[in-house]
$ cat data30.cif   # mmCIF, C-alpha atoms
data_model
#
loop_
_atom_site.label_atom_id
_atom_site.label_comp_id
_atom_site.auth_asym_id
_atom_site.auth_seq_id
_atom_site.Cartn_x
_atom_site.Cartn_y
_atom_site.Cartn_z
CA MET A 1049 -59.81 134.82 -81.82
CA PRO A 1050 -60.51 131.06 -82.08
CA PHE A 1051 -57.40 130.33 -80.00
CA LEU A 1052 -58.32 132.95 -77.38
CA LEU A 1053 -61.86 131.54 -77.20
CA PHE A 1054 -60.49 128.02 -76.81
CA ALA A 1055 -58.08 129.14 -74.06
CA LEU A 1056 -60.90 130.99 -72.28
CA LEU A 1057 -63.27 128.01 -72.31
CA PHE A 1058 -60.81 125.22 -71.50
CA LEU A 1059 -58.06 126.93 -69.50
CA ILE A 1060 -58.92 130.29 -67.95
CA LEU A 1061 -62.52 129.66 -66.88
CA PRO A 1062 -61.79 126.20 -65.40
CA VAL A 1063 -58.90 127.64 -63.39
CA LEU A 1064 -61.11 130.45 -62.09
CA TYR A 1065 -63.75 127.86 -61.20
CA LEU A 1066 -61.16 125.86 -59.23
CA VAL A 1067 -59.90 128.96 -57.43
CA ASN A 1068 -63.46 129.95 -56.50
CA GLY A 1069 -64.21 126.47 -55.16
CA ALA A 1070 -60.92 126.30 -53.26
CA PHE A 1071 -61.93 129.28 -51.13
CA GLN A 1072 -65.32 127.82 -50.24
CA THR A 1073 -66.41 125.30 -47.65
CA PRO A 1074 -68.76 122.39 -48.52
CA ASP A 1075 -71.73 124.45 -47.32
CA GLY A 1076 -70.92 127.23 -49.84
CA ARG A 1077 -69.41 129.69 -47.37
CA TYR A 1078 -66.29 131.61 -48.47
CA SER A 1079 -63.39 130.92 -46.16
CA LEU A 1080 -59.65 130.23 -46.02
CA GLU A 1081 -60.42 127.02 -44.17
CA THR A 1082 -60.22 124.78 -47.26
CA MET A 1083 -56.90 126.20 -48.48
CA LEU A 1084 -55.43 126.05 -44.99
CA SER A 1085 -56.35 122.35 -44.84
CA LEU A 1086 -53.57 121.73 -47.39
CA SER A 1087 -51.15 122.01 -44.47
CA ALA A 1088 -52.68 118.93 -42.81
CA PRO A 1089 -50.08 116.16 -42.37
CA GLU A 1090 -51.74 113.69 -44.78
CA ILE A 1091 -52.11 116.34 -47.51
CA ALA A 1092 -48.59 117.70 -47.05
CA SER A 1093 -47.18 114.16 -47.21
CA SER A 1094 -49.00 113.54 -50.51
CA TYR A 1095 -47.43 116.67 -52.00
CA LEU A 1096 -44.02 115.60 -50.71
CA LEU A 1097 -44.43 112.12 -52.18
CA SER A 1098 -45.49 113.56 -55.55
CA ILE A 1099 -42.53 115.93 -55.59
CA GLN A 1100 -40.09 113.15 -54.67
CA LEU A 1101 -41.44 110.79 -57.33
CA SER A 1102 -41.43 113.53 -59.96
CA LEU A 1103 -37.89 114.58 -59.07
CA ALA A 1104 -36.62 110.99 -59.23
CA SER A 1105 -38.20 110.21 -62.60
CA ALA A 1106 -37.21 113.61 -64.03
CA ALA A 1107 -33.60 113.20 -62.88
CA MET A 1108 -33.29 109.74 -64.43
CA GLY A 1109 -35.00 110.89 -67.63
CA THR A 1110 -32.73 113.94 -67.88
CA VAL A 1111 -29.45 112.06 -67.37
CA PHE A 1112 -30.22 109.04 -69.55
CA GLY A 1113 -32.00 111.14 -72.18
CA LEU A 1114 -29.06 113.54 -72.45
CA VAL A 1115 -26.58 110.67 -72.87
CA LEU A 1116 -28.82 108.96 -75.43
CA GLY A 1117 -29.47 112.18 -77.34
CA TYR A 1118 -25.77 113.06 -77.45
CA THR A 1119 -24.95 109.56 -78.68
CA LEU A 1120 -27.59 109.69 -81.41
CA LEU A 1121 -26.72 113.16 -82.70
CA LEU A 1122 -22.99 113.50 -82.08
CA GLY A 1123 -21.82 109.94 -81.59
CA GLY A 1124 -21.24 109.14 -85.25
CA LEU A 1125 -24.08 106.61 -85.51
CA PRO A 1126 -25.68 105.88 -88.92
CA GLY A 1127 -28.50 108.17 -89.94
CA TRP A 1128 -31.10 105.40 -89.97
CA VAL A 1129 -30.41 104.66 -86.28
CA ARG A 1130 -31.09 108.27 -85.37
CA ARG A 1131 -34.29 108.37 -87.45
CA ALA A 1132 -35.52 105.13 -85.89
CA PHE A 1133 -34.88 106.36 -82.35
CA MET A 1134 -36.50 109.74 -82.99
CA THR A 1135 -39.58 108.06 -84.44
CA PHE A 1136 -39.79 105.71 -81.47
CA SER A 1137 -39.33 108.64 -79.07
CA GLY A 1138 -42.24 110.47 -80.64
CA VAL A 1139 -44.47 107.46 -80.01
CA ALA A 1140 -43.14 106.39 -76.60
CA SER A 1141 -43.31 109.91 -75.12
CA ASN A 1142 -47.11 109.78 -75.55
CA PHE A 1143 -47.53 106.17 -74.39
CA ALA A 1144 -48.87 106.35 -70.85
CA GLY A 1145 -51.94 105.58 -68.78
CA VAL A 1146 -53.55 102.16 -68.52
CA PRO A 1147 -51.75 100.64 -71.59
CA LEU A 1148 -48.35 101.53 -70.12
CA ALA A 1149 -49.31 100.13 -66.72
CA PHE A 1150 -50.48 96.86 -68.30
CA ALA A 1151 -47.28 96.63 -70.39
CA PHE A 1152 -45.09 96.96 -67.29
CA ILE A 1153 -47.19 94.50 -65.29
CA ALA A 1154 -46.85 91.99 -68.14
CA THR A 1155 -43.10 92.66 -68.29
CA LEU A 1156 -41.89 93.33 -64.74
CA GLY A 1157 -44.85 92.26 -62.63
CA ARG A 1158 -44.54 89.37 -60.18
CA LEU A 1159 -45.39 86.97 -63.04
CA GLY A 1160 -44.12 89.22 -65.83
CA LEU A 1161 -42.07 87.94 -68.75
CA VAL A 1162 -38.76 89.50 -67.72
CA THR A 1163 -39.32 88.53 -64.09
CA LEU A 1164 -39.84 84.87 -65.01
CA VAL A 1165 -36.93 84.80 -67.45
CA LEU A 1166 -34.57 86.21 -64.82
CA ARG A 1167 -35.88 83.75 -62.21
CA ASP A 1168 -36.07 80.54 -64.25
CA ILE A 1169 -33.10 80.98 -66.60
CA PHE A 1170 -30.62 83.15 -64.73
CA GLY A 1171 -31.65 82.28 -61.17
CA ILE A 1172 -32.26 85.92 -60.23
CA ASN A 1173 -35.44 86.57 -58.26
CA ILE A 1174 -35.80 90.34 -58.29
CA TYR A 1175 -38.87 90.27 -56.03
CA ALA A 1176 -37.07 88.15 -53.43
CA ALA A 1177 -34.26 90.72 -53.58
CA GLY A 1178 -36.71 93.46 -52.60
CA PHE A 1179 -37.75 94.92 -55.96
CA THR A 1180 -41.43 95.44 -56.67
CA LEU A 1181 -43.05 97.25 -59.55
CA PHE A 1182 -45.62 98.76 -57.20
CA SER A 1183 -43.09 100.64 -55.06
CA PHE A 1184 -41.59 104.12 -55.30
CA TRP A 1185 -38.70 103.05 -57.56
CA GLY A 1186 -40.93 100.73 -59.54
CA LEU A 1187 -43.18 103.68 -60.36
CA ALA A 1188 -40.16 105.87 -61.15
CA LEU A 1189 -38.96 103.18 -63.57
CA THR A 1190 -42.39 103.08 -65.20
CA TYR A 1191 -42.38 106.86 -65.60
CA LEU A 1192 -38.95 106.61 -67.21
CA TYR A 1193 -40.54 104.90 -70.22
CA PHE A 1194 -42.13 108.17 -71.36
CA GLN A 1195 -39.74 110.57 -69.62
CA LEU A 1196 -36.59 109.37 -71.43
CA PRO A 1197 -37.91 109.68 -75.02
CA LEU A 1198 -39.48 113.04 -74.17
CA MET A 1199 -36.08 114.25 -72.98
CA VAL A 1200 -34.49 113.06 -76.24
CA LEU A 1201 -37.03 115.05 -78.26
CA MET A 1202 -36.64 118.20 -76.17
CA ILE A 1203 -32.84 118.23 -75.95
CA THR A 1204 -32.28 117.54 -79.66
CA PRO A 1205 -32.49 121.23 -80.75
CA ALA A 1206 -29.98 122.23 -78.08
CA LEU A 1207 -27.57 119.47 -79.12
CA GLU A 1208 -27.93 120.47 -82.75
CA GLY A 1209 -27.11 124.05 -81.70
CA LEU A 1210 -23.60 123.03 -80.59
CA ARG A 1211 -21.55 124.51 -83.41
CA PRO A 1212 -18.70 122.40 -84.81
CA GLU A 1213 -16.37 125.42 -84.72
CA TRP A 1214 -16.61 125.51 -80.92
CA ARG A 1215 -15.25 121.98 -80.71
CA GLU A 1216 -12.61 122.73 -83.36
CA ALA A 1217 -11.53 125.87 -81.51
CA ALA A 1218 -11.20 123.92 -78.26
CA GLU A 1219 -9.20 121.17 -79.95
CA SER A 1220 -6.91 123.70 -81.65
CA LEU A 1221 -6.09 125.09 -78.20
CA GLY A 1222 -5.15 121.62 -76.99
CA ALA A 1223 -8.36 120.63 -75.21
CA SER A 1224 -9.15 116.94 -74.96
CA ARG A 1225 -12.62 115.55 -75.69
CA LYS A 1226 -13.35 115.37 -71.96
CA GLN A 1227 -12.27 118.98 -71.46
CA TYR A 1228 -14.47 120.11 -74.37
CA LEU A 1229 -17.48 118.31 -72.89
CA THR A 1230 -16.99 119.53 -69.32
CA ARG A 1231 -15.83 123.11 -70.02
CA VAL A 1232 -17.61 124.03 -73.25
CA ALA A 1233 -20.50 121.74 -74.20
CA LEU A 1234 -22.06 121.09 -70.79
CA PRO A 1235 -21.98 124.75 -69.62
CA LEU A 1236 -23.66 125.75 -72.90
CA LEU A 1237 -26.24 122.99 -72.56
CA ALA A 1238 -26.87 123.58 -68.84
CA PRO A 1239 -29.84 126.01 -69.24
CA SER A 1240 -31.50 123.71 -71.78
CA VAL A 1241 -30.90 120.62 -69.66
CA LEU A 1242 -32.30 122.29 -66.53
CA GLY A 1243 -35.30 123.52 -68.52
CA CYS A 1244 -35.96 120.01 -69.81
CA PHE A 1245 -35.65 118.69 -66.25
CA LEU A 1246 -38.33 121.12 -65.11
CA LEU A 1247 -40.68 120.06 -67.91
CA LEU A 1248 -40.11 116.39 -67.08
CA PHE A 1249 -40.89 117.20 -63.45
CA ALA A 1250 -44.15 118.88 -64.46
CA ASN A 1251 -44.98 115.98 -66.78
CA ALA A 1252 -44.57 113.45 -63.97
CA PHE A 1253 -46.26 115.61 -61.32
CA GLY A 1254 -49.60 115.59 -63.11
CA THR A 1255 -49.65 111.90 -64.08
CA LEU A 1256 -52.72 110.06 -62.79
CA ALA A 1257 -53.86 107.20 -65.04
CA THR A 1258 -50.57 105.27 -64.99
CA ILE A 1259 -50.11 105.30 -61.22
CA TYR A 1260 -53.82 104.67 -60.62
CA ALA A 1261 -53.78 101.61 -62.88
CA LEU A 1262 -50.61 100.25 -61.26
CA THR A 1263 -51.45 100.78 -57.59
CA SER A 1264 -55.28 100.93 -57.55
CA ALA A 1265 -55.13 104.27 -55.68
CA ASN A 1266 -52.95 102.80 -52.91
CA PHE A 1267 -50.05 105.20 -53.57
CA PRO A 1268 -51.19 108.57 -52.15
CA VAL A 1269 -49.69 111.09 -54.56
CA VAL A 1270 -51.57 114.37 -55.04
CA PRO A 1271 -53.47 113.37 -58.23
CA ILE A 1272 -54.74 110.22 -56.46
CA VAL A 1273 -55.82 112.16 -53.36
CA LEU A 1274 -57.52 114.76 -55.57
CA PHE A 1275 -59.33 112.02 -57.49
CA GLN A 1276 -60.56 110.49 -54.23
CA GLN A 1277 -61.96 113.82 -53.05
CA ILE A 1278 -63.77 114.52 -56.32
CA ARG A 1279 -65.05 111.04 -57.18
CA GLY A 1280 -64.70 109.04 -53.97
CA ASN A 1281 -67.59 107.58 -52.01
CA VAL A 1282 -65.93 107.89 -48.59
CA LEU A 1283 -63.40 110.71 -49.00
CA TYR A 1284 -65.75 113.10 -50.78
CA ASN A 1285 -64.96 116.78 -50.43
CA PRO A 1286 -64.96 118.55 -53.82
CA ASN A 1287 -63.78 121.83 -52.33
CA LEU A 1288 -60.70 120.15 -50.89
CA GLY A 1289 -60.15 118.65 -54.33
CA TYR A 1290 -60.32 122.14 -55.82
CA ALA A 1291 -57.77 123.35 -53.29
CA LEU A 1292 -55.47 120.42 -54.14
CA ALA A 1293 -55.80 121.32 -57.83
CA VAL A 1294 -54.95 124.97 -57.11
CA GLY A 1295 -51.85 123.82 -55.23
CA MET A 1296 -50.82 121.74 -58.22
CA ILE A 1297 -51.42 124.70 -60.55
CA LEU A 1298 -49.16 126.90 -58.40
CA ILE A 1299 -46.37 124.31 -58.49
CA MET A 1300 -46.77 123.82 -62.24
CA GLY A 1301 -46.86 127.58 -62.78
CA LEU A 1302 -43.61 128.03 -60.86
CA THR A 1303 -42.02 125.17 -62.78
CA ASN A 1304 -43.02 126.57 -66.16
CA THR A 1305 -41.90 130.09 -65.22
CA LEU A 1306 -38.45 128.79 -64.36
CA TYR A 1307 -38.45 126.84 -67.63
CA PHE A 1308 -39.18 129.95 -69.71
CA ILE A 1309 -36.40 131.85 -67.92
CA LEU A 1310 -33.91 129.07 -68.65
CA ARG A 1311 -35.11 128.75 -72.25
CA ARG A 1312 -34.50 132.45 -72.89
CA ARG A 1313 -31.02 132.05 -71.47
CA ALA A 1314 -30.34 129.02 -73.68
CA GLU A 1315 -31.61 130.76 -76.82
CA ARG A 1316 -28.84 133.33 -76.60
CA TRP A 1317 -26.33 130.67 -77.66
CA GLN A 1318 -28.46 129.41 -80.53
CA LYS A 1319 -28.79 132.70 -82.41
#

$ encode --input "data30.cif" --output "structure tokens"
Amino acid sequence: MPFLLFALLFLILPVLYLVNGAFQTPDGRYSLETMLSLSAPEIASSYLLSIQLSLASAAMGTVFGLVLGYTLLLGGLPGWVRRAFMTFSGVASNFAGVPLAFAFIATLGRLGLVTLVLRDIFGINIYAAGFTLFSFWGLALTYLYFQLPLMVLMITPALEGLRPEWREAAESLGASRKQYLTRVALPLLAPSVLGCFLLLFANAFGTLATIYALTSANFPVVPIVLFQQIRGNVLYNPNLGYALAVGMILIMGLTNTLYFILRRRAERWQK
């Protein structure tokens, strides 16, 4: 009962409130006008930009996190290295928002530590070469800081579920290490990896504080546009903000549904 009451107050009722507001106009009249405004070019482009940024950061986090997780668990590294990385991953996966934005500005900003070291010691000016922290790929790199360790934490149970006898059976039949990875391990891990990718996508799709602190609301992803409609002085239309939130909920709901389907498929191999 306490959990159901908590879910009702902080999940179900707020969603119903958003849905109700999304089908109203600013004058309180019920209409499809607000929801249909999501098809406007500027709104559609913000959704597209959010999806692209989330896909890019999720893809990088999935690939690098899988390689790192496999190395830590099955690469023969000392136990203390694994424990240290897992502890760091637990902390870094929750390090976001304004502190993360400040850390990256101080590191890879135009006058950041790494930027100056590369320029003054190695003669490499990354900003002259076209890189900027406040661009699409700069934001994707910033997201990678919490996406990669989150991937390591999520994929660890699946990697631990790879039974040694499967590798031994493959080797006894003459399979090389590469053949074992490509024909046995990766197919077994595929549902878990895709599920983790979907969760990383959802994690990046709803991020606001980090991108707001880095770009000062000049990068029009959906959370920024929503924030401007709810709290802005010029672009103030709460009902449009509710509609934007409902659109995000639908995308997140679809993402999580696909994740649960893939998780059930992956669990069959871990029983």

$ residues_around --input "data30.cif" --residues "Ile1174 of chain A" --least-positions-apart "4" --cutoff "10 Å" --atoms "only C-alpha atoms" --output "list in words"
Leu1156, Arg1158, Val1162, Thr1163, Leu1164, Leu1166, Arg1167, Gly1178, Phe1179 and Thr1180 of chain A

$ resolve_selection --input "data30.cif" --expression "the PyMOL selection byres ((chain A and resi 1304-1313) around 12)" --output "ChimeraX atom specification"
/A:1202-1203,1205-1206,1235-1251,1297-1303,1314-1319

$ resolve_selection --input "data30.cif" --expression "the PyMOL selection byres ((chain A and resi 1084-1099) around 8)" --output "list in words"
Leu1080, Glu1081, Thr1082, Met1083, Gln1100, Leu1101, Ser1102, Leu1103, Phe1253, Pro1268, Val1269, Val1270, Val1273, Leu1288, Ala1291 and Leu1292 of chain A

$ atom_distance --input "data30.cif" --atom1 "atom CA of Gly1138 of chain A" --atom2 "atom CA of Leu1256 of chain A"
20.7 Å

$ closest_residue --input "data30.cif" --among "A:Leu1189, A:Leu1053, A:Leu1198, A:Leu1274" --to "Leu1148 of chain A" --atoms "only C-alpha atoms"
A:Leu1189

$ resolve_selection --input "data30.cif" --expression "the PyMOL selection byres ((chain A and resi 1285) around 12)" --output "count of residues only"
27

$ atom_distance --input "data30.cif" --atom1 "atom CA of Gly1145 of chain A" --atom2 "atom CA of Tyr1260 of chain A"
8.4 Å

$ residues_around --input "data30.cif" --residues "segment 1223-1230 of chain A" --least-positions-apart "3" --cutoff "12 Å" --atoms "only C-alpha atoms" --output "list in words"
Val1115, Tyr1118, Leu1122, Leu1207, Leu1210, Pro1212, Glu1213, Trp1214, Arg1215, Glu1216, Ala1217, Ala1218, Glu1219, Ser1220, Ala1233, Leu1234, Pro1235, Leu1236, Leu1237 and Ala1238 of chain A

$ atom_distance --input "data30.cif" --atom1 "atom CA of Thr1258 of chain A" --atom2 "atom CA of Ala1106 of chain A"
15.8 Å

$ residues_around --input "data30.cif" --residues "Gly1186 of chain A" --least-positions-apart "4" --cutoff "10 Å" --atoms "only C-alpha atoms" --output "list in words"
Phe1152, Leu1156, Gly1157, Phe1179, Thr1180, Leu1181, Phe1182, Thr1190, Tyr1191, Leu1192 and Leu1262 of chain A

$ axis_aligned_box --input "data30.cif" --around "segment 1059-1072 of chain A" --padding-each-side "8 Å" --output "JSON"
{"center_x": -61.7, "center_y": 128.2, "center_z": -59.9, "size_x": 23.3, "size_y": 20.6, "size_z": 35.3}

$ closest_residue --input "data30.cif" --among "A:Trp1185, A:Phe1267, A:Tyr1175, A:Phe1133" --to "Thr1119 of chain A" --atoms "only C-alpha atoms"
A:Phe1133

$ closest_residue --input "data30.cif" --among "A:Pro1050, A:Val1200, A:Gly1171, A:Asn1142" --to "Leu1120 of chain A" --atoms "all atoms listed in the file"
A:Val1200
